[in-house]
Each structure stands twice: as C-alpha cells, then as structure tokens.
Amino acid sequence: MRRIDDGISAGNGAPVDGGAVVNSLAQSFLARAANALRSPHFDPRIPAIGPAEITCRQALGDIRSAVAVYDSGNGFHLTLADAGGPAAECLIGGSVGRLVALLPAISPEWLGHGCFTTAHGCRYPYVVGEMARGIATADMVVAAGRAGLLGFFGSAGLDPAEVEDAIDAIRTDIPQKSPWGMNLIHAPDHPGREKDLVDLYLRKGVERISASAYLRLSPHIVRLSAVGLSVDGDGGVRRKTQIFAKVSRPEIARTFMQPPPHDVLRELAAAGLISPQQAELQSRLPLAEDVTVEADSAGHTDNRPLSVIFPVIDGLRRRLVERHRYVRPIRLGAAGGLGTPGSVAAAFQLGADYVLTGSVNQAAVESGLSADGRDMLAAAGVADVALAPAADMFERGIHVQVLRRGTRFHVKAKRLQDIYRRHTGLADLPEDDRLWLETHVFEQSSEKAWQDTRRDTARRNPQAMERAEADPKRQMALVFRRYLFLGAQWAREGARDRRDDYQIWCGPAMGAFNDWVRDSCLEPLENRTVEQIGRNLLEGACQALRAQQLRQAGVAMPAELSHFTPRQLNV
C-alpha cells in the first residue's frame with residue numbers, strides 16, 4: 001500500500017477527505033471478502049499467509065498501511081493488506097484462517113474531519129492555541145504554519161501597537177497561503193480595547209480570529225464576523241473573517257452557533273458599521289463556524305472533563321444546524337487536558353473535527369515565556385496546578401488555572417480575593433492585612449501601589465479610572481488586579497526576584513506531557529518545538545487508535561506496546 005507521509009490530494013492538487021478514502025477502501029475490501037465467501041465458485045486454492053505475517057508491533061509501527069486480521073481458530077494473525085484487497089481465507093500453518101477484520105490505514109492528516117483542513121488550508125487538524133500576553137509569539141505562529149498546523153497569536157493583555165507589530169512579523173515570515181490567526185479576548189470592563197482590536201484586525205485583513213473568555217456576545221465580535229460577508233458567483237455566502245469561538249459552557253456555545261440577535265445587526269447597520277446586505281447574510285449564518293470546546297485547561301476554566309462537556313455541545317450543534325438549516329457544517333474542536341497521544345486520540349474518538357493545545361506549547365522554544373518559567377513548567381506534575389482569581393475578571397470571581405509548583409502566586413491571589421470581599425477599600429484594612437500586602441505582595445506602601453495603579457490605569461483604560469475615582473472598593477480591585485497582571489509579566493520576563501509571584505497559566509496536561517516525554521528526545525527543553533510537540537502528539541494518537549482497532553478485532557495487545565515514544569520527525 002502506498003505510504004502517505006505527505007498527505008493525499010485529488011488529481012488537481014486539492015486536498016480530499018482522507019478518512020472518507022480509507023473508509024471507502026475498507027468497505028470495498030470487506031465486501032469483496034464477503035462476496036468471495038458466499039460465491040459457489042470460490043477458488044479452493046487458498047493462499048498461505050506465510051512470511052507476510054506481521055506482529056502487533058509492526059502493525060502499530062506501520063499505521064499508514066491497512067492490516068488484515070485472520071482467525072485460525074488457534075489465535076489471531078496479522079498481515080498487511082495489499083492494494084487488491086485481502087483474501088477471504090488463507091493458510092496459516094496447517095489451519096485455514098478466515099478474515100475477521102480489515103483495519104484501515106491511519107494518518108495524522110486524516111484525523112478529525114477533512115472539512116477542517118480543507119476550509120483552512122492546513123495539513124493537520126491541529127491548532128496551536130493563543131496563550132495570552134504574547135506567550136504564543138509571532139515566532140510560534142510562523143513555526144506552526146511551516147509545520148502544517150494552525151497557530152493563533154496571544155494578543156490578550158497587549159497594546160494594539162504590539163499586536164500590529166506581531167501581525168506584520170507573521171505576514172513577513174510565514175509561508176504563503178499558510179493559515180494563521182489572532183486572538184480577541186472578551187473585555188466587558190474595557191470595551192474600548194476590544195473595539196480597537198477589531199478595528200485593527202479589519203484594517204489589517206486578518207482572516208482568522210479566536211474569540212475567547214466571552215460571557216456574552218458583544219457588538220464588536222458580531223461586526224467582525226459580519227463585515228466581511230458577501231455572495232459569490234454561485235449564490236453562496238463567502239466569509240472574509242473566520243471566527244473560532246472558544247467555549248466551555250453550552251449557553252455560550254449556543255450564542256456562537258446561532259445567528260446574532262436581529263437588534264444587534266440592525267444597530268450595526270444603522271451605524272454604518274456593516275451593510276444592510278451583510279446584516280441580512282449574517283442573520284442566516286452562525287457567528288462562528290469553528291467552535292472549540294474547552295475542558296480542564298490553562299487560563300480561564302470551568303474544570304469540566306472533556307468527556308462530559310464535548311458530547312453536550314456536540315448535541316447542541318446538531319440541533320442548531322438542523323433548526324437553522326445551515327448549508328455548511330459547524331466544525332467542533334476539542335481543547336483542555338490534551339498533553340499525551342492517548343488524550344488526543346480520545347478527543348478525536350469523541351468526534352472532534354480538530355484539537356487545540358495550549359499548556360504544552362508554553363514550554364516550547366518559540367514560547368514568549370522566560371527560560372526560567374519554561375524550566376518550572378518542565379518540572380510540573382499533573383497535580384502541580386491550582387485555581388487563582390483572573391486579573392481581567394477579578395470582581396466577578398472568575399478563575400484561571402495556574403502552576404503552583406515553585407511559586408506562591410495562587411496562595412497570594414486567593415488571599416487578595418478574600419480581602420477584597422471582606423473590606424470596602426485599602427483604607428479600611430486591618431493592620432495585619434495591610435502589612436502583609438505591603439511586605440509580601442506590593443513590596444511598597446499601599447499609597448504608592450495605588451498611585452502606580454492610578455497612572456497605569458489612566459493610560460490603558462481611562463473609563464475604568466473615572467469609575468474608580470469616587471469608589472474606594474473599585475480602587476482596591478484595580479490595585480489587586482495590577483498585581484495579578486504583573487505576575488504574568490514577571491513570568492514572561494523572568495524576573496527572578498519576583499519568582500514567588502510568577503503567574504504561569506497551566507493545566508494538568510503539562511504534567512501528563514512531562515511524564516510522557518521522560519527519557520525521550522522531547523524531554524530536553526531545547527528540543528521542544530511546536531512542530532515536534534504537535535506532530536508527535538498526532539503520530540502517537542494514530543498509533544493509539546490503531547491499538548484500539550486491534551483490541552476491537554479481538555487481538556491481545558501486550559501492555560508495553562501501548563506507549564508511543566516521541567521521536568524526531570522529519571518535515
């Protein structure tokens with residue numbers, strides 16, 4: 001059987017759905033075998049399996065070839081299936097073996113659903129997620145594009161000027177036609193920042209936007225989706241901007257998988273921000289055609305297992321597609337907890353069209369995290385994470401998941417939230433709380449901390465500063481939020497004197513990844529590139545799926561064969 005390391009394409013060079021090809025081949029082989037068994041003219045000269053027999057190890061190592069499974073009555077026997085299809089029977093020693101299963105070939109390019117790679121022009125159904133504050137750097141996005149992956153830049157928490165520089169850097173270095181995108185994080189307390197980024201993305205013609213941390217729709221994300229809609233020559237709707245929605249709750253998923261409210265579209269059209277035709281087209285389309293179901297992940301999280309939340313949102317997707325009679329499918333991705341080949345394989349078995357990784361890429365050489373921070377991540381275990389208040393949603397009680405090994409950030413952040421809940425302002429604090437803040441958190445007086453916060457907030461978010469001037473409790477919240485914000489900055493810069501305050505977003509997948517790569521080529525940090533991380537996870541997922549095929553066919557799988565050891569994969 002032809003090896004397909006370079007993917008498959010139609011005769012005109014366009015990508016085709018590899019999964020459909022494999023399924024078609026498998027059905028054809030099995031049909032021919034069944035017909036042969038039923039035929040009265042079946043040739044009694046049965047071929048011998050002989051030297052063509054392979055071991056389970058070989059079947060796992062050659063995932064890109066179909067494997068026939070024969071039952072001789074004394075055990076199962078495996079052989080590679082040639083292009084003409086396997087024989088319905090064969091001689092195995094002195095016994096006749098009957099074909100009981102044909103395992104189709106598997107390739108990383110074929111995982112998920114071909115509609116994802118076709119829609120976005122990437123080789124693999126794999127997204128490198130948008131880790132905030134530029135930790136998902138321009139270099140990381142470029143490296144992902146060169147490897148056939150889809151990468152998003154982590155724009156959250158950065159000024160528009162920094163984001164614009166990243167867009168220009170990506171455009172300069174990424175191969176032509178390689179897909180890439182930028183992040184847009186929900187900013188309910190800073191709508192001006194969200195609007196500025198939308199203006200920037202439209203002006204720069206960014207084609208893919210990952211919308212994250214949304215609690216409700218904003219007019220800015222609706223405008224971003226609608227403004228690029230048009231009708232093509234065949235009467236179909238063409239999208240200029242593809243929205244990827246990252247969701248962890250069904251009610252949020254619903255808002256992205258159905259058309260936006262008519263009153264929002266009407267107001268945008270009345271303001272001249274979109275045309276009446278674009279408003280009408282958007283009223284028939286989901287806001288996002290790519291929805292990523294985020295489970296127990298780094299950053300903002302609801303800590304729900306993927307196996308619980310994914311089927312619920314998948315069912316919602318099915319009902320909404322039927323109700324609104326969408327012509328194009330809504331593609332569903334999986335994220336959170338994906339740090340090993342087995343977890344990636346499980347996500348695809350749940351029905352994911354693509355997967356998205358986050359935590360594991362923070363330790364990659366292209367990451368914007370400091371070398372010190374990457375060292376800390378490389379030592380993490382699955383239990384070395386904790387919840388801490390989110391800087392951008394501090395007053396709402398929203399949490400992010402962070403690394404706790406080697407830092408006391410989560411302990412300090414939780415005490416800040418407790419102080420905020422119990423008091424009306426910095427002047428109201430008991431002496432022990434004030435001393436703790438000034439000694440262990442601010443490392444300066446409370447008054448100086450407020451003055452620094454006031455200056456920074458007036459520059460970054462004047463509206464928030466105006467609201468805080470006459471509200472001591474809001475002032476306290478801003479001071480505490482600044483510390484949380486700086487925790488991520490210190491980790492990014494590698495400020496060793498503030499190592500105790502590093503905020504490093506991290507889910508348990510990081511610990512699972514470290515355990516998987518131990519004693520392999522990916523254990524040293526200098527070998528952890530986004531390409532090698534992504535391609536090894538996908539290759540290993542294929543081997544895990546092949547092992548599952550063998551088990552389902554009744555073949556006893558030695559336990560030692562279940563582990564896929566990372567290897568240096570060539571481009």
# chains A, B, ... in the order shown; residues from 1 in each chain; ligands from 1

$ select_by_dssp --residues "range 69-140 of chain A" --states "strand (DSSP E)" --output "VMD selection string"
chain A and resid 69 to 71 76 to 80 89 to 92 95 to 103 126 to 128

$ residues_around --residues "range 487-496 of chain A" --least-positions-apart "2" --cutoff "7 Å" --atoms "only C-alpha atoms" --output "compact mmCIF listing (two decimals) with N, CA, C and O atoms, in the first residue's frame"
# COMPACT_ATOMS: atom_id res chain seq x y z
N GLY A 368 6.88 32.71 24.36
CA GLY A 368 7.27 34.00 24.91
C GLY A 368 7.51 33.97 26.40
O GLY A 368 7.85 34.99 27.01
N LEU A 369 7.35 32.80 27.02
CA LEU A 369 7.63 32.67 28.45
C LEU A 369 9.15 32.64 28.65
O LEU A 369 9.90 32.16 27.81
N SER A 370 9.59 33.15 29.80
CA SER A 370 11.03 33.19 30.09
C SER A 370 11.60 31.79 30.20
O SER A 370 10.88 30.81 30.44
N ALA A 371 12.92 31.68 30.05
CA ALA A 371 13.60 30.39 30.22
C ALA A 371 13.36 29.84 31.62
O ALA A 371 13.18 28.62 31.81
N ASP A 372 13.33 30.72 32.63
CA ASP A 372 13.07 30.29 33.99
C ASP A 372 11.67 29.70 34.11
O ASP A 372 11.46 28.66 34.75
N GLY A 373 10.71 30.36 33.50
CA GLY A 373 9.33 29.86 33.52
C GLY A 373 9.20 28.53 32.81
O GLY A 373 8.47 27.63 33.27
N TYR A 483 -1.50 43.68 40.48
CA TYR A 483 -0.57 42.65 40.95
C TYR A 483 -0.74 41.37 40.15
O TYR A 483 0.24 40.74 39.73
N LEU A 484 -1.99 40.95 39.93
CA LEU A 484 -2.24 39.73 39.17
C LEU A 484 -1.68 39.86 37.75
O LEU A 484 -1.09 38.91 37.20
N PHE A 485 -1.89 41.03 37.17
CA PHE A 485 -1.39 41.30 35.82
C PHE A 485 0.14 41.22 35.79
O PHE A 485 0.74 40.62 34.89
N ARG A 498 11.16 38.19 41.63
CA ARG A 498 9.71 38.05 41.87
C ARG A 498 9.23 36.65 41.49
O ARG A 498 8.08 36.44 41.18
N ARG A 499 10.14 35.66 41.54
CA ARG A 499 9.78 34.29 41.16
C ARG A 499 8.63 33.75 42.01
O ARG A 499 7.81 32.95 41.54
N ASP A 501 6.14 35.20 42.77
CA ASP A 501 4.89 35.81 42.28
C ASP A 501 4.60 35.49 40.81
O ASP A 501 3.71 36.08 40.22
N TYR A 502 5.36 34.56 40.22
CA TYR A 502 5.10 34.20 38.83
C TYR A 502 3.68 33.67 38.66
O TYR A 502 3.25 32.78 39.40
N GLN A 503 2.96 34.23 37.68
CA GLN A 503 1.68 33.64 37.27
C GLN A 503 1.92 32.95 35.93
O GLN A 503 2.12 33.59 34.91
N ILE A 504 1.90 31.62 35.96
CA ILE A 504 2.11 30.83 34.75
C ILE A 504 0.85 30.00 34.52
O ILE A 504 0.53 29.09 35.29

$ residues_around --residues "Asp418 in chain A" --least-positions-apart "4" --cutoff "12 Å" --atoms "only C-alpha atoms" --output "list in words"
Ala388, Pro389, Phe394, Glu395, Gly397, Val411, Lys412, Ala413, Lys414, Arg422, His423, Thr424, Leu429, Asp433, Ala477 and Phe480 of chain A

$ select_by_dssp --residues "range 138-237 of chain A" --states "helix (DSSP H, G or I)" --output "MDAnalysis selection string"
chainID A and resid 138:146 160:173 191:204 219:226

$ residues_around --residues "range 525-539 of chain A" --least-positions-apart "3" --cutoff "6 Å" --atoms "only C-alpha atoms" --output "VMD selection string"
chain A and resid 108 147 341 364 to 365 522 542 566

$ residues_around --residues "Leu281 in chain A" --least-positions-apart "5" --cutoff "10 Å" --atoms "only C-alpha atoms" --output "NGL selection string"
:A and (226 or 229-231 or 237-238 or 259 or 275-276)

$ residues_around --residues "Gly381 in chain A" --least-positions-apart "2" --cutoff "7 Å" --atoms "only C-alpha atoms" --output "list of chain:residue names"
A:Ala379, A:Ala383, A:Asp384, A:Gly511, A:Ala512

$ closest_residue --among "A:Ala253, A:Ala352, A:Met476, A:Val128" --to "Ala143 in chain A" --atoms "only C-alpha atoms"
A:Val128

$ decode --residues "range 109-140 of chain A" --atoms "N, CA, C and O atoms" --output "PDB file, in the first residue's frame"
ATOM      1  N   GLU A 109      -2.929  13.303   9.016  1.00  0.00           N
ATOM      2  CA  GLU A 109      -3.702  14.206   8.153  1.00  0.00           C
ATOM      3  C   GLU A 109      -5.174  13.826   8.097  1.00  0.00           C
ATOM      4  O   GLU A 109      -6.016  14.652   7.751  1.00  0.00           O
ATOM      5  N   TRP A 110      -5.468  12.556   8.395  1.00  0.00           N
ATOM      6  CA  TRP A 110      -6.844  12.062   8.255  1.00  0.00           C
ATOM      7  C   TRP A 110      -7.654  12.136   9.545  1.00  0.00           C
ATOM      8  O   TRP A 110      -8.830  11.795   9.557  1.00  0.00           O
ATOM      9  N   LEU A 111      -7.033  12.493  10.634  1.00  0.00           N
ATOM     10  CA  LEU A 111      -7.761  12.561  11.899  1.00  0.00           C
ATOM     11  C   LEU A 111      -8.829  13.652  11.834  1.00  0.00           C
ATOM     12  O   LEU A 111      -8.727  14.597  11.055  1.00  0.00           O
ATOM     13  N   GLY A 112      -9.820  13.530  12.713  1.00  0.00           N
ATOM     14  CA  GLY A 112     -10.874  14.547  12.731  1.00  0.00           C
ATOM     15  C   GLY A 112     -11.731  14.459  11.495  1.00  0.00           C
ATOM     16  O   GLY A 112     -12.082  13.379  11.020  1.00  0.00           O
ATOM     17  N   HIS A 113     -12.058  15.607  10.952  1.00  0.00           N
ATOM     18  CA  HIS A 113     -12.894  15.685   9.756  1.00  0.00           C
ATOM     19  C   HIS A 113     -12.166  16.508   8.711  1.00  0.00           C
ATOM     20  O   HIS A 113     -11.642  17.589   9.001  1.00  0.00           O
ATOM     21  N   GLY A 114     -12.136  15.999   7.484  1.00  0.00           N
ATOM     22  CA  GLY A 114     -11.429  16.687   6.415  1.00  0.00           C
ATOM     23  C   GLY A 114     -11.946  18.074   6.120  1.00  0.00           C
ATOM     24  O   GLY A 114     -11.240  18.880   5.504  1.00  0.00           O
ATOM     25  N   CYS A 115     -13.167  18.380   6.569  1.00  0.00           N
ATOM     26  CA  CYS A 115     -13.717  19.715   6.298  1.00  0.00           C
ATOM     27  C   CYS A 115     -12.885  20.796   6.992  1.00  0.00           C
ATOM     28  O   CYS A 115     -12.824  21.935   6.506  1.00  0.00           O
ATOM     29  N   PHE A 116     -12.207  20.460   8.095  1.00  0.00           N
ATOM     30  CA  PHE A 116     -11.417  21.472   8.800  1.00  0.00           C
ATOM     31  C   PHE A 116     -10.169  21.840   8.010  1.00  0.00           C
ATOM     32  O   PHE A 116      -9.890  23.017   7.775  1.00  0.00           O
ATOM     33  N   THR A 117      -9.387  20.834   7.621  1.00  0.00           N
ATOM     34  CA  THR A 117      -8.164  21.121   6.876  1.00  0.00           C
ATOM     35  C   THR A 117      -8.475  21.718   5.513  1.00  0.00           C
ATOM     36  O   THR A 117      -7.737  22.566   5.009  1.00  0.00           O
ATOM     37  N   THR A 118      -9.568  21.310   4.915  1.00  0.00           N
ATOM     38  CA  THR A 118      -9.957  21.878   3.627  1.00  0.00           C
ATOM     39  C   THR A 118     -10.354  23.339   3.776  1.00  0.00           C
ATOM     40  O   THR A 118      -9.954  24.193   2.976  1.00  0.00           O
ATOM     41  N   ALA A 119     -11.131  23.647   4.802  1.00  0.00           N
ATOM     42  CA  ALA A 119     -11.615  25.017   4.996  1.00  0.00           C
ATOM     43  C   ALA A 119     -10.476  25.982   5.279  1.00  0.00           C
ATOM     44  O   ALA A 119     -10.512  27.139   4.856  1.00  0.00           O
ATOM     45  N   HIS A 120      -9.446  25.517   6.011  1.00  0.00           N
ATOM     46  CA  HIS A 120      -8.404  26.442   6.457  1.00  0.00           C
ATOM     47  C   HIS A 120      -7.055  26.238   5.775  1.00  0.00           C
ATOM     48  O   HIS A 120      -6.116  27.008   6.015  1.00  0.00           O
ATOM     49  N   GLY A 121      -6.946  25.224   4.934  1.00  0.00           N
ATOM     50  CA  GLY A 121      -5.728  25.066   4.162  1.00  0.00           C
ATOM     51  C   GLY A 121      -4.527  24.630   4.955  1.00  0.00           C
ATOM     52  O   GLY A 121      -3.390  24.934   4.583  1.00  0.00           O
ATOM     53  N   CYS A 122      -4.735  23.906   6.054  1.00  0.00           N
ATOM     54  CA  CYS A 122      -3.606  23.390   6.831  1.00  0.00           C
ATOM     55  C   CYS A 122      -3.491  21.883   6.597  1.00  0.00           C
ATOM     56  O   CYS A 122      -4.443  21.231   6.173  1.00  0.00           O
ATOM     57  N   ARG A 123      -2.332  21.352   6.880  1.00  0.00           N
ATOM     58  CA  ARG A 123      -2.088  19.920   6.637  1.00  0.00           C
ATOM     59  C   ARG A 123      -2.726  19.050   7.713  1.00  0.00           C
ATOM     60  O   ARG A 123      -3.250  17.976   7.415  1.00  0.00           O
ATOM     61  N   TYR A 124      -2.673  19.507   8.952  1.00  0.00           N
ATOM     62  CA  TYR A 124      -3.145  18.700  10.074  1.00  0.00           C
ATOM     63  C   TYR A 124      -4.313  19.385  10.785  1.00  0.00           C
ATOM     64  O   TYR A 124      -4.363  20.620  10.866  1.00  0.00           O
ATOM     65  N   PRO A 125      -5.239  18.599  11.354  1.00  0.00           N
ATOM     66  CA  PRO A 125      -6.356  19.179  12.129  1.00  0.00           C
ATOM     67  C   PRO A 125      -5.921  19.516  13.542  1.00  0.00           C
ATOM     68  O   PRO A 125      -6.403  18.933  14.520  1.00  0.00           O
ATOM     69  N   TYR A 126      -5.008  20.480  13.654  1.00  0.00           N
ATOM     70  CA  TYR A 126      -4.339  20.752  14.926  1.00  0.00           C
ATOM     71  C   TYR A 126      -4.104  22.250  15.037  1.00  0.00           C
ATOM     72  O   TYR A 126      -3.521  22.859  14.135  1.00  0.00           O
ATOM     73  N   VAL A 127      -4.550  22.829  16.155  1.00  0.00           N
ATOM     74  CA  VAL A 127      -4.428  24.266  16.387  1.00  0.00           C
ATOM     75  C   VAL A 127      -3.488  24.505  17.564  1.00  0.00           C
ATOM     76  O   VAL A 127      -3.617  23.865  18.619  1.00  0.00           O
ATOM     77  N   VAL A 128      -2.543  25.417  17.374  1.00  0.00           N
ATOM     78  CA  VAL A 128      -1.675  25.884  18.462  1.00  0.00           C
ATOM     79  C   VAL A 128      -2.360  27.095  19.076  1.00  0.00           C
ATOM     80  O   VAL A 128      -2.495  28.131  18.440  1.00  0.00           O
ATOM     81  N   GLY A 129      -2.830  26.954  20.317  1.00  0.00           N
ATOM     82  CA  GLY A 129      -3.715  27.946  20.919  1.00  0.00           C
ATOM     83  C   GLY A 129      -3.034  29.258  21.270  1.00  0.00           C
ATOM     84  O   GLY A 129      -1.806  29.367  21.368  1.00  0.00           O
ATOM     85  N   GLU A 130      -3.876  30.278  21.510  1.00  0.00           N
ATOM     86  CA  GLU A 130      -3.433  31.669  21.665  1.00  0.00           C
ATOM     87  C   GLU A 130      -3.136  32.017  23.116  1.00  0.00           C
ATOM     88  O   GLU A 130      -3.928  32.684  23.781  1.00  0.00           O
ATOM     89  N   MET A 131      -2.017  31.584  23.649  1.00  0.00           N
ATOM     90  CA  MET A 131      -1.673  31.871  25.035  1.00  0.00           C
ATOM     91  C   MET A 131      -1.402  33.359  25.218  1.00  0.00           C
ATOM     92  O   MET A 131      -0.651  33.970  24.459  1.00  0.00           O
ATOM     93  N   ALA A 132      -2.025  33.950  26.235  1.00  0.00           N
ATOM     94  CA  ALA A 132      -2.123  35.407  26.392  1.00  0.00           C
ATOM     95  C   ALA A 132      -0.781  36.071  26.610  1.00  0.00           C
ATOM     96  O   ALA A 132       0.233  35.433  26.892  1.00  0.00           O
ATOM     97  N   ARG A 133      -0.797  37.401  26.486  1.00  0.00           N
ATOM     98  CA  ARG A 133       0.349  38.267  26.721  1.00  0.00           C
ATOM     99  C   ARG A 133       1.531  37.920  25.836  1.00  0.00           C
ATOM    100  O   ARG A 133       2.681  38.019  26.220  1.00  0.00           O
ATOM    101  N   GLY A 134       1.222  37.475  24.613  1.00  0.00           N
ATOM    102  CA  GLY A 134       2.275  37.197  23.664  1.00  0.00           C
ATOM    103  C   GLY A 134       3.090  35.967  23.968  1.00  0.00           C
ATOM    104  O   GLY A 134       4.160  35.774  23.372  1.00  0.00           O
ATOM    105  N   ILE A 135       2.632  35.103  24.878  1.00  0.00           N
ATOM    106  CA  ILE A 135       3.344  33.845  25.120  1.00  0.00           C
ATOM    107  C   ILE A 135       3.257  32.966  23.874  1.00  0.00           C
ATOM    108  O   ILE A 135       4.208  32.267  23.525  1.00  0.00           O
ATOM    109  N   ALA A 136       2.096  32.991  23.207  1.00  0.00           N
ATOM    110  CA  ALA A 136       2.013  32.427  21.853  1.00  0.00           C
ATOM    111  C   ALA A 136       2.524  33.517  20.921  1.00  0.00           C
ATOM    112  O   ALA A 136       1.791  34.410  20.505  1.00  0.00           O
ATOM    113  N   THR A 137       3.815  33.475  20.626  1.00  0.00           N
ATOM    114  CA  THR A 137       4.509  34.551  19.930  1.00  0.00           C
ATOM    115  C   THR A 137       4.280  34.498  18.426  1.00  0.00           C
ATOM    116  O   THR A 137       3.753  33.517  17.888  1.00  0.00           O
ATOM    117  N   ALA A 138       4.736  35.557  17.757  1.00  0.00           N
ATOM    118  CA  ALA A 138       4.731  35.550  16.295  1.00  0.00           C
ATOM    119  C   ALA A 138       5.593  34.407  15.775  1.00  0.00           C
ATOM    120  O   ALA A 138       5.234  33.737  14.791  1.00  0.00           O
ATOM    121  N   ASP A 139       6.732  34.161  16.412  1.00  0.00           N
ATOM    122  CA  ASP A 139       7.596  33.049  16.003  1.00  0.00           C
ATOM    123  C   ASP A 139       6.880  31.716  16.134  1.00  0.00           C
ATOM    124  O   ASP A 139       7.051  30.820  15.296  1.00  0.00           O
ATOM    125  N   MET A 140       6.071  31.564  17.184  1.00  0.00           N
ATOM    126  CA  MET A 140       5.334  30.322  17.369  1.00  0.00           C
ATOM    127  C   MET A 140       4.299  30.142  16.265  1.00  0.00           C
ATOM    128  O   MET A 140       4.123  29.033  15.722  1.00  0.00           O
TER     129      MET A 140
END
